[in-house]
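Everything on this sheet refers to the single structure shown next.
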Amino acid sequence: MIDDVLRHLDDGYTVRLSEEMIAIPSVTGDEEALALFIQGKLESYGMETELRYVADGRPNVYGVMKGSVPGRRLNYNAHTDTVPAGDDWDTDPFKPVIKDGRLYGRGACDMKTGIACSLNMFKAIADSGAEFRGELSFSGVVDQEATDIGAWAMMEDPKWRSLDGVVLTYSYCGDKTKPIPLGLTGKILYNVKVKGKAAHGFRPHLGINAVEDAAKIISNLDKLQLKKHPNFGTGTVCTLKTEGGYTRYSVVVPESARFEVNRLLVPGESIQYALDDMERLVKELNLESTVEVGVKPPRYEPYTASRDEPLMRTLDEVYRVVMGRPPLYEYAYGITNANIFQGEWGIECIHIGPQRGNAHGPNEHVKLEWLPPVSEMYARIAISYLT
Amino acid sequence: MIEDVLRELDDRYAVEKLKEMIRIPSVVGDEEELALYLQDELGSLGLETELHVVQPGRPNIYARLVGARPGKRMNFNGHLDTVPVVDGWDTDPFEPIVDGNRIIGLGSNDMKGGIACILDTIRACVESGHEFPGELSFSGVIDEEAYGEGAKAMLKTDYGNVDAIVLAEPYLADEQRPTALGITGKILYNIHVRGRAAHGFRPELGVNAIEQASVILANLGKLSIPEHPRFKGNHSTLKIEGGYERYSVVVPAYCRFEVNRLTVPGETEESVIRDMEELVESLGLEAEVKVEVKPPYYASYVMDRDEPLVHVFEDAYKEVMGVKPCFEYSSSITDANTFAGEGGIPCIHLGPFPGGAHQKNEYTLLDSLPPVSKVYALMADRFLGG
């Protein structure tokens, strides 16, 4: 049966879809046009589709294909948004260009070709009339490059919360550029507010300088107690933003300052642990200011995956068959929607997709040679997992 | 005769002028109407006037009364601008309200009251036909409440060559409000920190400009602040900004912060920049740090206690007030930092009662005006050697 499905895969179709989707800009916030495009494709394969608006003009897109008998429910998940084009491109980022076996454009590897490979797979299964158990579905969610409101909204629906497995079409291709994640770090975005006391700037001793106290905390961030995980090692800490002081020039000791710090968490470090850790650090500094340690979205719990779970085992087997070698694995420093699906909701996740090239940078591209094996792996995983 | 001048002083005239000036809003940036009013008033007294457009729509006004024979030159100075209206006024800030001994209105003491006393003094000199050598002049300058651009521009004109300046700032030279024998200067450091961007999950691949800036801020206590017998320098961070505009997890490549520093005599713009550069260098940062200064810059100054102007002031004050003036070494910047600190011109501050300057319901006391006018007249007479 799998041979019948594989015969229906059409690599030219994958490339055409990839080109068409690159030509539909879908920078975070503007995902609607791409969602509509995908919905049209899913419908043409006879799937039951749904557009669910998460925010104004920002829909998640879903499609479902029912098996002939009940069974496991597997979802292929992609995010429909891309990061902004940015500068320094040699080509128009929203015009697909194929050169020397590479397809260039914003979203080429992150992650419109991943979407195209999964669409190719859905079409092949539909065209071949292959029978399977359970349910095979697609989800295209908004906002992954920002705060993941799409994935969070998807998990509010009991239908999706009860999935058995999710294949994330991210550019983890199982070689040394991006080994397959056996878990992901979590992260927290600290939002720290420092309140001092205003005074004339010529008499700093009469006030409490919130900007200077904030700087004391930032310059002591290396005293946060990062736990060591046997596989991940330790997380990382990075200040992302700071602001404090006058808006219109005036010589006043600033009474408030604020800063944000990103912290990657390894399993064993919960969001609560990270909050307590920052509170402890602040307390030890004995500042005169009042400090409020808060968090801002997005936040993600870390998780670890097991090689023995059904979907991960399926991936390992399929990868060897298609690529002729076992995949590389790693405990990954990164955040994907799997932090929500598996980290928050315990749904088994795997990541597999075409190798990335300059994701988030100028001249983002994908090597076209990666598309056929990825489509084949998607098809083999689906059939294997659902029969 | 100076007695004629003193007799000619007219409190009602001064109060009338003060009321008229309160009714002319002159919040910093909008000084033109008040400058034209003063040009008109001083012109009608027979002075030679000059508008000096410092910035479009923002003129200084100068006027002079040239004496019978050559001599020293004394200038009476006021700034034309007021601070903006703050919240909470009980009355219209641009409508003078007389309540017993109080006159309430924006600029009533800072410093339209002082300017009114100057006008009265000049009018009395003219009306009495008092003859004196040298030159008695007036300057009304813009922008004192912001960057002091008016005083800086004046210093570059012929009025920058006068021998003494009396600033009509609301200093009564009493115990509550001693007058300055010197003022600290100030400089505004503008420090740019440039690191290197990287993905925020891999901070070790970048150089975090915010974190490097914070190391500098946390070490500001090590800035070398020189000892001075009269003054104490200090520093205060006023502002910081760095990191993403639209949320993204990127190691910030740039951060900027501003630090105000009070300077003492002996310190120069170059020396304080060097201090900061040395501090930064000692920290061994990975980021590239550029130490700049931003306006406003004010030089510090200290006057010799035996400066003739100081003696003239002391004597005149004692004669009118019955007590000696109180002096201090101050850290409140005025245009004297420009005149004395940069121009080397001896300066004295004297003006009417300071009731809530920069605050709501600003006022001055009506009975504090006449003695100030009297001291002005005596100082002019004695300094110019009438």
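Residue numbers start at 1 in each chain; chains themselves are named A, B, ... in the order of the structure tokens; ligands are numbered from 1 in the order shown.
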
Checklist entry - Within 7 Å of chain A, which residues of chain B show up when using only C-alpha atoms, listed as number ranges by chain? => result B: 200-201, 203, 210-211, 214-215, 217-218, 236-244, 249-252, 262, 331

Print the selection's residues with C-alpha atoms to a file, as an mmCIF file, in the first residue's frame.
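Written out: result.cif:
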data_model
loop_
_atom_site.group_PDB
_atom_site.id
_atom_site.type_symbol
_atom_site.label_atom_id
_atom_site.label_comp_id
_atom_site.auth_asym_id
_atom_site.auth_seq_id
_atom_site.Cartn_x
_atom_site.Cartn_y
_atom_site.Cartn_z
ATOM 1 C CA GLY B 200 18.946 35.201 21.868
ATOM 2 C CA PHE B 201 19.098 31.484 22.649
ATOM 3 C CA PRO B 203 23.993 34.640 23.787
ATOM 4 C CA ILE B 210 22.519 46.073 27.270
ATOM 5 C CA GLU B 211 24.477 43.818 29.560
ATOM 6 C CA SER B 214 24.852 47.686 32.677
ATOM 7 C CA VAL B 215 28.379 46.793 33.691
ATOM 8 C CA LEU B 217 26.359 51.719 35.030
ATOM 9 C CA ALA B 218 27.043 49.380 37.919
ATOM 10 C CA SER B 236 23.051 60.513 37.989
ATOM 11 C CA THR B 237 21.941 58.248 35.168
ATOM 12 C CA LEU B 238 18.959 59.892 33.482
ATOM 13 C CA LYS B 239 17.958 57.496 30.735
ATOM 14 C CA ILE B 240 18.643 54.164 29.119
ATOM 15 C CA GLU B 241 17.284 52.489 26.008
ATOM 16 C CA GLY B 242 18.268 49.316 24.233
ATOM 17 C CA GLY B 243 16.888 46.172 22.628
ATOM 18 C CA TYR B 244 14.100 45.236 20.264
ATOM 19 C CA VAL B 249 14.717 37.048 20.623
ATOM 20 C CA VAL B 250 17.922 38.697 19.537
ATOM 21 C CA VAL B 251 21.026 39.604 21.499
ATOM 22 C CA PRO B 252 20.777 43.408 21.403
ATOM 23 C CA LEU B 262 27.910 67.857 38.000
ATOM 24 C CA SER B 331 24.647 73.374 42.346
#

Item to check | Spatial neighbours of stretch 10-21 of chain A, max dist 7 Å, only C-alpha atoms, sep filter under 4 positions, as a PyMOL selection string | outcome: chain A and resi 34+96+112-113+116-117+120+372

So that I have them on file, write out the residues from the current selection with N, CA and C atoms, as an mmCIF file, in the first residue's frame.
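The file below, result20.cif, is the result:
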data_model
loop_
_atom_site.group_PDB
_atom_site.id
_atom_site.type_symbol
_atom_site.label_atom_id
_atom_site.label_comp_id
_atom_site.auth_asym_id
_atom_site.auth_seq_id
_atom_site.Cartn_x
_atom_site.Cartn_y
_atom_site.Cartn_z
ATOM 1 N N LEU A 34 -2.180 33.249 3.118
ATOM 2 C CA LEU A 34 -1.572 31.920 3.010
ATOM 3 C C LEU A 34 -2.509 30.853 3.574
ATOM 4 N N PRO A 96 9.849 33.861 -5.609
ATOM 5 C CA PRO A 96 10.665 32.643 -5.569
ATOM 6 C C PRO A 96 11.663 32.626 -6.719
ATOM 7 N N LYS A 112 7.825 27.059 4.408
ATOM 8 C CA LYS A 112 6.850 26.831 3.340
ATOM 9 C C LYS A 112 7.136 25.552 2.551
ATOM 10 N N THR A 113 8.414 25.143 2.449
ATOM 11 C CA THR A 113 8.654 23.869 1.757
ATOM 12 C C THR A 113 8.212 22.707 2.636
ATOM 13 N N ALA A 116 4.700 22.450 1.905
ATOM 14 C CA ALA A 116 4.495 21.891 0.557
ATOM 15 C C ALA A 116 4.687 20.370 0.570
ATOM 16 N N CYS A 117 5.706 19.876 1.272
ATOM 17 C CA CYS A 117 5.937 18.424 1.341
ATOM 18 C C CYS A 117 4.749 17.726 2.003
ATOM 19 N N ASN A 120 1.886 17.657 -0.442
ATOM 20 C CA ASN A 120 2.168 16.619 -1.431
ATOM 21 C C ASN A 120 1.758 15.254 -0.873
ATOM 22 N N PRO A 372 12.047 15.788 -2.124
ATOM 23 C CA PRO A 372 11.516 14.429 -2.319
ATOM 24 C C PRO A 372 11.677 13.505 -1.099
#

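Put simply, atom CA of A:Asp277 is 27.3 Å away from atom CA of B:Glu245.
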
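The nearest approach to B:Ala173 among the residues B:Glu319, B:Asp335, B:Val264, B:Lys324, with only C-alpha atoms taken into account, belongs to B:Lys324.
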
Taking only residues of stretch 347-377 of chain A that have an atom at most 9 Å from an atom of stretch 160-175 of chain A, what is each one's shortest atom pair and its distance in Å to one decimal, using only C-alpha atoms, in chain and number order, as a tab-separated table?
residue	atom	partner	partner_atom	distance
A:Ile347	CA	A:Gly165	CA	5.7
A:Glu348	CA	A:Gly165	CA	4.8
A:Cys349	CA	A:Val166	CA	4.8
A:Ile350	CA	A:Val167	CA	5.1
A:His351	CA	A:Leu168	CA	4.7
A:Ile352	CA	A:Tyr172	CA	5.0
A:Gly353	CA	A:Ser171	CA	4.4
A:Pro354	CA	A:Ser171	CA	5.1
A:Gln355	CA	A:Cys173	CA	5.2
A:Arg356	CA	A:Ser171	CA	5.5
A:Trp370	CA	A:Cys173	CA	8.9
A:Val374	CA	A:Cys173	CA	8.5

May I have the selected residues written with N, CA and C atoms, as a compact mmCIF listing (two decimals), in the first residue's frame?
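Once everything was written out, this is result-v7.txt:
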# COMPACT_ATOMS: atom_id res chain seq x y z
N ILE A 347 1.36 15.66 24.22
CA ILE A 347 1.14 14.96 22.94
C ILE A 347 2.50 14.67 22.32
N GLU A 348 2.74 13.45 21.90
CA GLU A 348 4.06 13.11 21.38
C GLU A 348 4.34 13.89 20.09
N CYS A 349 5.50 14.48 20.03
CA CYS A 349 5.87 15.31 18.87
C CYS A 349 7.18 14.82 18.26
N ILE A 350 7.25 14.89 16.93
CA ILE A 350 8.55 14.77 16.27
C ILE A 350 8.69 15.95 15.31
N HIS A 351 9.95 16.27 15.02
CA HIS A 351 10.24 17.34 14.05
C HIS A 351 10.99 16.72 12.90
N ILE A 352 10.56 16.99 11.68
CA ILE A 352 11.33 16.56 10.51
C ILE A 352 10.96 17.46 9.33
N GLY A 353 11.97 17.92 8.62
CA GLY A 353 11.70 18.79 7.47
C GLY A 353 12.96 18.98 6.65
N PRO A 354 12.86 19.74 5.56
CA PRO A 354 14.02 19.95 4.69
C PRO A 354 15.11 20.77 5.41
N GLN A 355 16.33 20.52 5.04
CA GLN A 355 17.46 21.24 5.66
C GLN A 355 17.33 22.74 5.44
N ARG A 356 17.64 23.50 6.45
CA ARG A 356 17.44 24.94 6.32
C ARG A 356 18.67 25.64 5.76
N TRP A 370 16.23 18.21 -1.08
CA TRP A 370 15.68 17.77 0.19
C TRP A 370 14.16 17.50 0.11
N VAL A 374 11.87 14.26 2.00
CA VAL A 374 11.00 14.70 3.11
C VAL A 374 9.55 14.30 2.83

Next on the checklist: as a PyMOL selection string, please: every residue in stretch 123-355 of chain A that a backbone DSSP assignment puts in strand (DSSP E or B).
Outcome noted: chain A and resi 133-141+165-168+180-184+186-195+197+200+208+229+233+237-245+252+256-265+290-300+303-304+329-332+348-351

Next on the checklist: So that I can see what lies close to stretch 224-234 of chain B, please list as a PyMOL selection string the residues with an atom at most 10 Å from it, counting only C-alpha atoms and leaving out residues fewer than 6 positions away in the same chain.
Outcome noted: (chain A and resi 201-205) or (chain B and resi 181-186+260-267+272+275-276+278-279+300+302+328-331)

Item to check | Residues within 10 Å of stretch 373-381 of chain B, only C-alpha atoms, excluding chain neighbours under 3 positions, as a PyMOL selection string | outcome: chain B and resi 1-3+5-7+9-11+14+73-76+114-122+124-125+130-133+135-136+164+166+168+309-321+350-352+368-370+384-386

For the residues in that selection, give me C-alpha atoms as a short mmCIF file (atom, residue, chain, number, x, y, z; two decimals), in the first residue's frame.
data_model
loop_
_atom_site.label_atom_id
_atom_site.label_comp_id
_atom_site.auth_asym_id
_atom_site.auth_seq_id
_atom_site.Cartn_x
_atom_site.Cartn_y
_atom_site.Cartn_z
CA MET B 1 22.58 112.01 41.91
CA ILE B 2 21.75 108.47 43.00
CA GLU B 3 19.21 109.89 45.45
CA VAL B 5 17.26 107.72 40.96
CA LEU B 6 16.06 106.11 44.16
CA ARG B 7 13.32 108.70 44.49
CA LEU B 9 11.75 104.25 41.59
CA ASP B 10 8.06 103.48 41.39
CA ASP B 11 6.68 100.27 42.88
CA ALA B 14 7.07 97.60 38.56
CA ARG B 73 29.71 98.13 31.24
CA MET B 74 27.08 96.55 33.42
CA ASN B 75 24.28 94.33 32.16
CA PHE B 76 21.03 93.41 33.89
CA GLY B 114 13.02 90.41 38.52
CA ILE B 115 12.66 91.80 35.00
CA ALA B 116 10.03 94.21 36.31
CA CYS B 117 12.54 95.46 38.91
CA ILE B 118 15.14 95.94 36.15
CA LEU B 119 12.64 97.95 34.10
CA ASP B 120 11.90 100.11 37.12
CA THR B 121 15.61 100.71 37.73
CA ILE B 122 16.28 101.63 34.13
CA ALA B 124 14.32 105.63 37.16
CA CYS B 125 17.79 106.21 35.76
CA HIS B 130 21.23 110.56 36.29
CA GLU B 131 24.59 110.70 34.54
CA PHE B 132 27.06 107.89 34.75
CA PRO B 133 30.04 106.73 32.76
CA GLU B 135 27.05 101.62 29.80
CA LEU B 136 24.00 100.26 31.54
CA ALA B 164 29.44 92.49 35.06
CA VAL B 166 23.27 90.95 37.41
CA ALA B 168 17.33 88.88 38.13
CA LEU B 309 31.16 93.27 41.79
CA VAL B 310 30.80 91.16 44.93
CA HIS B 311 31.82 94.10 47.13
CA VAL B 312 29.51 96.46 45.31
CA PHE B 313 26.66 94.00 45.77
CA GLU B 314 27.44 93.36 49.43
CA ASP B 315 27.49 97.05 50.27
CA ALA B 316 24.37 97.93 48.30
CA TYR B 317 22.50 95.00 49.77
CA LYS B 318 23.46 95.85 53.35
CA GLU B 319 22.46 99.44 52.82
CA VAL B 320 18.99 98.50 51.57
CA MET B 321 18.24 95.38 53.59
CA LEU B 350 19.34 88.90 42.94
CA GLY B 351 15.61 88.91 42.49
CA PRO B 352 12.29 88.92 44.35
CA SER B 368 10.00 91.95 47.94
CA LEU B 369 10.14 93.96 44.71
CA PRO B 370 11.04 97.51 45.85
CA LEU B 384 29.80 102.22 36.98
CA GLY B 385 31.22 104.86 39.27
CA GLY B 386 28.57 107.55 38.96
#

Would you please extract all helix (DSSP H, G or I) residues from stretch 111-246 of chain A, as assigned by DSSP on the backbone, and give them as a PDB file with N, CA and C atoms, in the first residue's frame?
ATOM      1  N   MET A 111       8.655  28.106   6.881  1.00  0.00           N
ATOM      2  CA  MET A 111       8.703  26.687   6.644  1.00  0.00           C
ATOM      3  C   MET A 111       7.754  26.299   5.514  1.00  0.00           C
ATOM      4  N   LYS A 112       7.825  27.059   4.408  1.00  0.00           N
ATOM      5  CA  LYS A 112       6.850  26.831   3.340  1.00  0.00           C
ATOM      6  C   LYS A 112       7.136  25.552   2.551  1.00  0.00           C
ATOM      7  N   THR A 113       8.414  25.143   2.449  1.00  0.00           N
ATOM      8  CA  THR A 113       8.654  23.869   1.757  1.00  0.00           C
ATOM      9  C   THR A 113       8.212  22.707   2.636  1.00  0.00           C
ATOM     10  N   GLY A 114       8.312  22.853   3.936  1.00  0.00           N
ATOM     11  CA  GLY A 114       7.795  21.822   4.847  1.00  0.00           C
ATOM     12  C   GLY A 114       6.291  21.667   4.654  1.00  0.00           C
ATOM     13  N   ILE A 115       5.607  22.805   4.522  1.00  0.00           N
ATOM     14  CA  ILE A 115       4.153  22.756   4.261  1.00  0.00           C
ATOM     15  C   ILE A 115       3.896  22.070   2.919  1.00  0.00           C
ATOM     16  N   ALA A 116       4.700  22.450   1.905  1.00  0.00           N
ATOM     17  CA  ALA A 116       4.495  21.891   0.557  1.00  0.00           C
ATOM     18  C   ALA A 116       4.687  20.370   0.570  1.00  0.00           C
ATOM     19  N   CYS A 117       5.706  19.876   1.272  1.00  0.00           N
ATOM     20  CA  CYS A 117       5.937  18.424   1.341  1.00  0.00           C
ATOM     21  C   CYS A 117       4.749  17.726   2.003  1.00  0.00           C
ATOM     22  N   SER A 118       4.186  18.371   3.035  1.00  0.00           N
ATOM     23  CA  SER A 118       3.057  17.712   3.694  1.00  0.00           C
ATOM     24  C   SER A 118       1.822  17.751   2.791  1.00  0.00           C
ATOM     25  N   LEU A 119       1.641  18.831   2.057  1.00  0.00           N
ATOM     26  CA  LEU A 119       0.500  18.883   1.125  1.00  0.00           C
ATOM     27  C   LEU A 119       0.657  17.816   0.043  1.00  0.00           C
ATOM     28  N   ASN A 120       1.886  17.657  -0.442  1.00  0.00           N
ATOM     29  CA  ASN A 120       2.168  16.619  -1.431  1.00  0.00           C
ATOM     30  C   ASN A 120       1.758  15.254  -0.873  1.00  0.00           C
ATOM     31  N   MET A 121       2.082  15.015   0.385  1.00  0.00           N
ATOM     32  CA  MET A 121       1.741  13.761   1.040  1.00  0.00           C
ATOM     33  C   MET A 121       0.223  13.580   1.148  1.00  0.00           C
ATOM     34  N   PHE A 122      -0.476  14.646   1.562  1.00  0.00           N
ATOM     35  CA  PHE A 122      -1.939  14.533   1.685  1.00  0.00           C
ATOM     36  C   PHE A 122      -2.567  14.219   0.321  1.00  0.00           C
ATOM     37  N   LYS A 123      -2.059  14.906  -0.691  1.00  0.00           N
ATOM     38  CA  LYS A 123      -2.615  14.696  -2.037  1.00  0.00           C
ATOM     39  C   LYS A 123      -2.366  13.260  -2.491  1.00  0.00           C
ATOM     40  N   ALA A 124      -1.152  12.751  -2.229  1.00  0.00           N
ATOM     41  CA  ALA A 124      -0.815  11.392  -2.665  1.00  0.00           C
ATOM     42  C   ALA A 124      -1.704  10.365  -1.959  1.00  0.00           C
ATOM     43  N   ILE A 125      -1.924  10.578  -0.662  1.00  0.00           N
ATOM     44  CA  ILE A 125      -2.772   9.628   0.068  1.00  0.00           C
ATOM     45  C   ILE A 125      -4.200   9.685  -0.469  1.00  0.00           C
ATOM     46  N   ALA A 126      -4.663  10.923  -0.728  1.00  0.00           N
ATOM     47  CA  ALA A 126      -6.023  11.067  -1.256  1.00  0.00           C
ATOM     48  C   ALA A 126      -6.125  10.425  -2.638  1.00  0.00           C
ATOM     49  N   ASP A 127      -5.150  10.728  -3.520  1.00  0.00           N
ATOM     50  CA  ASP A 127      -5.205  10.228  -4.892  1.00  0.00           C
ATOM     51  C   ASP A 127      -5.060   8.711  -4.950  1.00  0.00           C
ATOM     52  N   SER A 128      -4.265   8.159  -4.028  1.00  0.00           N
ATOM     53  CA  SER A 128      -4.036   6.711  -4.071  1.00  0.00           C
ATOM     54  C   SER A 128      -5.198   5.949  -3.453  1.00  0.00           C
ATOM     55  N   ILE A 149       0.315  32.612  19.560  1.00  0.00           N
ATOM     56  CA  ILE A 149      -1.113  32.606  19.895  1.00  0.00           C
ATOM     57  C   ILE A 149      -1.854  31.544  19.086  1.00  0.00           C
ATOM     58  N   GLY A 150      -1.303  31.176  17.913  1.00  0.00           N
ATOM     59  CA  GLY A 150      -1.949  30.166  17.076  1.00  0.00           C
ATOM     60  C   GLY A 150      -1.928  28.792  17.734  1.00  0.00           C
ATOM     61  N   ALA A 151      -0.767  28.358  18.182  1.00  0.00           N
ATOM     62  CA  ALA A 151      -0.657  27.032  18.793  1.00  0.00           C
ATOM     63  C   ALA A 151      -1.430  26.966  20.108  1.00  0.00           C
ATOM     64  N   TRP A 152      -1.355  28.050  20.895  1.00  0.00           N
ATOM     65  CA  TRP A 152      -2.117  28.060  22.158  1.00  0.00           C
ATOM     66  C   TRP A 152      -3.613  27.949  21.873  1.00  0.00           C
ATOM     67  N   ALA A 153      -4.072  28.667  20.840  1.00  0.00           N
ATOM     68  CA  ALA A 153      -5.498  28.620  20.506  1.00  0.00           C
ATOM     69  C   ALA A 153      -5.888  27.217  20.043  1.00  0.00           C
ATOM     70  N   MET A 154      -5.020  26.578  19.284  1.00  0.00           N
ATOM     71  CA  MET A 154      -5.301  25.217  18.794  1.00  0.00           C
ATOM     72  C   MET A 154      -5.519  24.265  19.979  1.00  0.00           C
ATOM     73  N   PRO A 158     -10.623  20.810  22.482  1.00  0.00           N
ATOM     74  CA  PRO A 158     -10.423  19.431  22.963  1.00  0.00           C
ATOM     75  C   PRO A 158     -10.095  18.457  21.831  1.00  0.00           C
ATOM     76  N   LYS A 159     -10.633  18.742  20.652  1.00  0.00           N
ATOM     77  CA  LYS A 159     -10.390  17.890  19.483  1.00  0.00           C
ATOM     78  C   LYS A 159      -8.888  17.787  19.200  1.00  0.00           C
ATOM     79  N   TRP A 160      -8.197  18.893  19.320  1.00  0.00           N
ATOM     80  CA  TRP A 160      -6.770  18.881  18.998  1.00  0.00           C
ATOM     81  C   TRP A 160      -5.924  18.489  20.215  1.00  0.00           C
ATOM     82  N   ARG A 161      -6.433  18.818  21.380  1.00  0.00           N
ATOM     83  CA  ARG A 161      -5.713  18.452  22.604  1.00  0.00           C
ATOM     84  C   ARG A 161      -5.602  16.935  22.751  1.00  0.00           C
ATOM     85  N   PRO A 204      21.436  63.487  43.466  1.00  0.00           N
ATOM     86  CA  PRO A 204      21.107  62.058  43.347  1.00  0.00           C
ATOM     87  C   PRO A 204      20.964  61.349  44.690  1.00  0.00           C
ATOM     88  N   HIS A 205      21.636  61.855  45.732  1.00  0.00           N
ATOM     89  CA  HIS A 205      21.568  61.183  47.041  1.00  0.00           C
ATOM     90  C   HIS A 205      20.180  61.295  47.661  1.00  0.00           C
ATOM     91  N   LEU A 206      19.349  62.219  47.148  1.00  0.00           N
ATOM     92  CA  LEU A 206      17.994  62.353  47.690  1.00  0.00           C
ATOM     93  C   LEU A 206      17.006  61.413  46.999  1.00  0.00           C
ATOM     94  N   ALA A 210      16.407  54.266  39.634  1.00  0.00           N
ATOM     95  CA  ALA A 210      15.895  52.975  39.163  1.00  0.00           C
ATOM     96  C   ALA A 210      16.722  52.419  38.013  1.00  0.00           C
ATOM     97  N   VAL A 211      17.225  53.294  37.146  1.00  0.00           N
ATOM     98  CA  VAL A 211      18.031  52.812  36.014  1.00  0.00           C
ATOM     99  C   VAL A 211      19.334  52.188  36.522  1.00  0.00           C
ATOM    100  N   GLU A 212      19.934  52.834  37.511  1.00  0.00           N
ATOM    101  CA  GLU A 212      21.192  52.291  38.033  1.00  0.00           C
ATOM    102  C   GLU A 212      20.960  50.997  38.811  1.00  0.00           C
ATOM    103  N   ASP A 213      19.846  50.930  39.526  1.00  0.00           N
ATOM    104  CA  ASP A 213      19.555  49.676  40.239  1.00  0.00           C
ATOM    105  C   ASP A 213      19.245  48.548  39.259  1.00  0.00           C
ATOM    106  N   ALA A 214      18.529  48.877  38.176  1.00  0.00           N
ATOM    107  CA  ALA A 214      18.258  47.859  37.146  1.00  0.00           C
ATOM    108  C   ALA A 214      19.579  47.342  36.580  1.00  0.00           C
ATOM    109  N   ALA A 215      20.506  48.262  36.349  1.00  0.00           N
ATOM    110  CA  ALA A 215      21.809  47.864  35.793  1.00  0.00           C
ATOM    111  C   ALA A 215      22.553  46.944  36.756  1.00  0.00           C
ATOM    112  N   LYS A 216      22.362  47.170  38.056  1.00  0.00           N
ATOM    113  CA  LYS A 216      23.024  46.284  39.026  1.00  0.00           C
ATOM    114  C   LYS A 216      22.491  44.856  38.890  1.00  0.00           C
ATOM    115  N   ILE A 217      21.183  44.748  38.675  1.00  0.00           N
ATOM    116  CA  ILE A 217      20.631  43.398  38.509  1.00  0.00           C
ATOM    117  C   ILE A 217      21.172  42.775  37.220  1.00  0.00           C
ATOM    118  N   ILE A 218      21.112  43.545  36.140  1.00  0.00           N
ATOM    119  CA  ILE A 218      21.548  42.998  34.848  1.00  0.00           C
ATOM    120  C   ILE A 218      23.009  42.576  34.899  1.00  0.00           C
ATOM    121  N   LEU A 221      23.424  39.057  36.435  1.00  0.00           N
ATOM    122  CA  LEU A 221      22.621  37.930  35.952  1.00  0.00           C
ATOM    123  C   LEU A 221      23.410  36.631  35.927  1.00  0.00           C
ATOM    124  N   ASP A 222      24.741  36.750  35.876  1.00  0.00           N
ATOM    125  CA  ASP A 222      25.533  35.519  35.879  1.00  0.00           C
ATOM    126  C   ASP A 222      25.440  34.780  37.219  1.00  0.00           C
ATOM    127  N   LYS A 223      24.800  35.402  38.204  1.00  0.00           N
ATOM    128  CA  LYS A 223      24.624  34.725  39.487  1.00  0.00           C
ATOM    129  C   LYS A 223      23.288  33.976  39.573  1.00  0.00           C
TER     130      LYS A 223
END

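Going from atom CA of B:Gly221 over to atom CA of B:Val207, you cover 23.8 Å.
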
I'd like the contact shell of A:Glu344 - 9 Å cut-off, only C-alpha atoms, skipping same-chain residues fewer than 6 positions apart - returned as a compact mmCIF listing (two decimals) with C-alpha atoms, in the first residue's frame.
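Output saved as around-v6.txt:
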# COMPACT_ATOMS: atom_id res chain seq x y z
CA TYR A 300 7.32 27.56 27.44
CA GLU A 301 7.95 24.56 29.62
CA PRO A 302 10.91 22.40 28.59
CA TYR A 303 10.37 18.74 27.76
CA ALA A 338 6.19 21.20 20.40

Checklist entry - Using only C-alpha atoms, which residues sit within 6 Å of A:Val64 once same-chain residues fewer than 6 positions away are excluded, as a VMD selection string? => result chain A and resid 47 to 48 137

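Note that the spacing between atom CA of B:Pro308 and atom CA of B:Gly67 amounts to 19.9 Å.
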
Next on the checklist: Using only C-alpha atoms, which protein or nucleic acid residues come within 8 Å of B:Glu288? Drop anything in the same chain fewer than 2 positions from it, and give the result as a VMD selection string.
Outcome noted: chain B and resid 193 to 195 285 to 286 290

Checklist outcome for this item: Of B:Ala63, B:Arg274, B:Tyr247, B:Ala336, the one nearest to B:Ser44 when counting only C-alpha atoms is B:Ala63
